[in-house]
Structure formats: C-alpha cells, structure tokens
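Single-structure report; data block below.
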Amino acid sequence: MESRHRRAQRLVAVAYLGIPVVLLVVVAVIAATGPAAAWIGCVVPVAMLVLGFVLRRRHRYTPRWWLGVAGLFGGLAGLTVTLFPLAVGVWWPAILALPGLIVGIVGGLALARAADRALLVPFDPELAGTPYELVFRLRGIPLAAVLVGTDSVTVQSHPVPRSEQQFRTYPLSAITATHEFSLSGAERLRFPIAITHAVASEGPAVILQANGEDWVLPTNQAGTLIDVLAERRGA
C-alpha cells in the first residue's frame, strides 16, 4: 500500500506542481528574447504554482479533485505556451492555440488518471485503513457517486453539488446497516436527494440504512463498498 501511495502522490505532484514549473521555465525562456515587459507573463505560471501548492495539500487524499485540477492546469499551460510568444513578436504559434489547449487538457487528464489507477487499480482492501476519500460510482446515474471519507459517507448526484438537494452526508456512526442486494432492472429507485436521468439497470447494489433513511445504491462494487464501510466504522 505504501508503494501505491508514493507512486500516486508523485504523479499528483507532477500535475499540481510540475506543470506550472515547466510552464514557468518555458515562459522565462521566451520572455528573455523580448522586452522587459514580457517578464510580466511569468505571473501566470507563478500563480499556478502557488495555487497548485495550496491545492495539493488540500486534495492530497481526495482523488475526485485530481482530474479537474490536472485538466485545468494542462489546458492553461497549452494556451500559454501557444499565445505567450505574441508578447515577443512571434505570431505563428497562436495558430496552434486550440490544439495546444486540447493537448494540454488531455495530458493533464492522463496524469490524473494515471495517479488514480496507481492508487486504486486493482482495489486493495487496505485502502480502507488509509486517509483517502474513496469514490464509488453509481451505475445508471450519470455523475452520481458515494464518497466514503474517514468519518462520514456522502451520496451526491453531481460532482460539485450546487444545492442541499443534491447531496446527503451522514457520519459513519449514523449507519445502522448495510446489505448487498441484486437488482433485476425493473425496480423504480427513489432517493432522498434530487437525482436526474436515472436509468434502471440489472446488477449488484447496496442497501444502506442511516438516520432512519433507506438507500438502494446500484454499484458494481457493492461488496467492496460494504467492506470499506465496515472497516471504517470499526464493525
């Protein structure tokens, strides 16, 4: 588990800190060929580096944020590399702005996915004993997921919930029971939060009981989710 942790964190560091550092070097090299005012361009990678340093500490154990930050940094780097030469009178790289943006985003996303795979694939039960927030996707419900933290579990219908109707969080101590269940695909599932575009599907699910509410959570990792909840609850 320790080797997985180190490998994943190295990749996260490359995404959060490595991309801004490389961009800073590129911008500095370009600025050195132009007027003194061109050095203002270093503000962008420096700001990214500061933000990356702060966010890396906050997101260290929350893999759900890695993809978004890495994609954002990669896209900004691609745009800056192609557009900043305009500051020193070089025009042709601007033609590659859109491809640069796409390549940057794809590269950032690839780094984040590699970090995610390094940590989670194949899933190791020992992850339950780590501080990582573990994400379990819900089958047939786009964007919805169950987030299992070290002391709470959250069911949410959107990666970034915009209202209280889109998520529900319970302390692990509030969970009274979990059961594995098999869905036929004909059931009409009801949720205590706002869920849109749910598609009934056949397969495993978890019945989660907490604070007097019953959830039926369709997930292909039903057994793993139950085991992780049991481990973190100390059951």
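Naming works like this for the structure tokens: A, B, ... for the chains as they're shown, residue 1 at the start of each chain, ligands 1 onward in shown order.
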message: From a backbone DSSP assignment, name each residue in stretch 107-169 of chain A labelled strand (DSSP E or B), as a PyMOL selection string.
response: chain A and resi 134-137+145-148+152-156+167-169
Saved selection, atoms kept: N, CA and C atoms, as a compact mmCIF listing (two decimals), in the first residue's frame:
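Just written: again-v8.txt:
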```txt
# COMPACT_ATOMS: atom_id res chain seq x y z
N LEU A 134 -12.65 7.62 -0.66
CA LEU A 134 -12.85 6.65 -1.72
C LEU A 134 -14.17 6.92 -2.43
N VAL A 135 -14.13 6.86 -3.76
CA VAL A 135 -15.28 7.20 -4.59
C VAL A 135 -15.84 5.93 -5.23
N PHE A 136 -17.14 5.73 -5.10
CA PHE A 136 -17.84 4.60 -5.73
C PHE A 136 -18.92 5.17 -6.64
N ARG A 137 -18.79 4.93 -7.94
CA ARG A 137 -19.75 5.45 -8.91
C ARG A 137 -21.05 4.64 -8.84
N ALA A 145 -22.39 9.61 -7.20
CA ALA A 145 -21.36 8.79 -6.56
C ALA A 145 -21.59 8.73 -5.06
N VAL A 146 -20.95 7.74 -4.45
CA VAL A 146 -20.89 7.62 -3.00
C VAL A 146 -19.45 7.93 -2.60
N LEU A 147 -19.26 8.87 -1.69
CA LEU A 147 -17.93 9.26 -1.22
C LEU A 147 -17.77 8.76 0.21
N VAL A 148 -16.80 7.89 0.42
CA VAL A 148 -16.57 7.35 1.76
C VAL A 148 -15.31 7.99 2.33
N SER A 152 -17.19 9.93 7.54
CA SER A 152 -18.52 10.21 7.00
C SER A 152 -18.69 9.54 5.65
N VAL A 153 -19.96 9.43 5.25
CA VAL A 153 -20.27 8.92 3.91
C VAL A 153 -21.25 9.90 3.28
N THR A 154 -21.00 10.22 2.00
CA THR A 154 -21.83 11.18 1.28
C THR A 154 -22.36 10.54 0.01
N VAL A 155 -23.65 10.73 -0.24
CA VAL A 155 -24.25 10.34 -1.51
C VAL A 155 -24.61 11.62 -2.24
N GLN A 156 -24.09 11.78 -3.45
CA GLN A 156 -24.33 13.02 -4.18
C GLN A 156 -24.67 12.74 -5.63
N PHE A 167 -27.13 16.45 -2.38
CA PHE A 167 -26.24 15.56 -1.62
C PHE A 167 -26.80 15.33 -0.22
N ARG A 168 -26.34 14.25 0.39
CA ARG A 168 -26.69 13.94 1.76
C ARG A 168 -25.46 13.30 2.42
N THR A 169 -25.06 13.82 3.56
CA THR A 169 -23.89 13.33 4.28
C THR A 169 -24.31 12.79 5.65
```
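Residues in contact with A:Arg4 at up to 7 Å, not including ones fewer than 4 positions away on its chain and judged by only C-alpha atoms, are Ala8, Ala118 and Leu119 of chain A.
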Selected residue of minimal separation from A:Leu208 among A:Arg190, A:His59, A:Arg233, A:His179, counting only C-alpha atoms: A:His179
message: Ranking A:Tyr170, A:Arg60, A:Arg6, A:Pro142 by minimum distance to A:Gly212 and counting only C-alpha atoms, which one comes first?
response: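 For A:Gly212, the nearest of the given residues is A:Tyr170.
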Residue among A:Ala28, A:Glu126, A:Leu11, A:Ala112 lying closest to A:Gly68, counting only C-alpha atoms: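 So, comparing all the options, the nearest one is A:Ala112.
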May I have a table of the residues of stretch 145-175 of chain A lying at most 6 Å from stretch 192-206 of chain A, giving each one's closest pair of atoms and their distance in Å to one decimal, counting only C-alpha atoms, ordered by chain and ascending residue number, as CSV?
```
residue,atom,partner,partner_atom,distance
A:Ser157,CA,A:Ile195,CA,5.8
A:Gln165,CA,A:Ile193,CA,5.2
A:Gln166,CA,A:Ala194,CA,5.2
```
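Counting only C-alpha atoms, the residue from A:Asp151, A:Asp116, A:Leu76, A:Glu187 that sits nearest to A:Ala97 is A:Leu76.
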field: From A:Val26, A:Leu183, A:Leu79, A:Val69, residue lying nearest A:Pro99 [only C-alpha atoms]
entry: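 Using only C-alpha atoms, the shortest distance to A:Pro99 belongs to A:Leu79.
With only C-alpha atoms as the basis for measurement, A:Leu86 is the residue among A:Ile207, A:Leu86, A:Val12, A:Ala230 that approaches A:Ile30 most closely.
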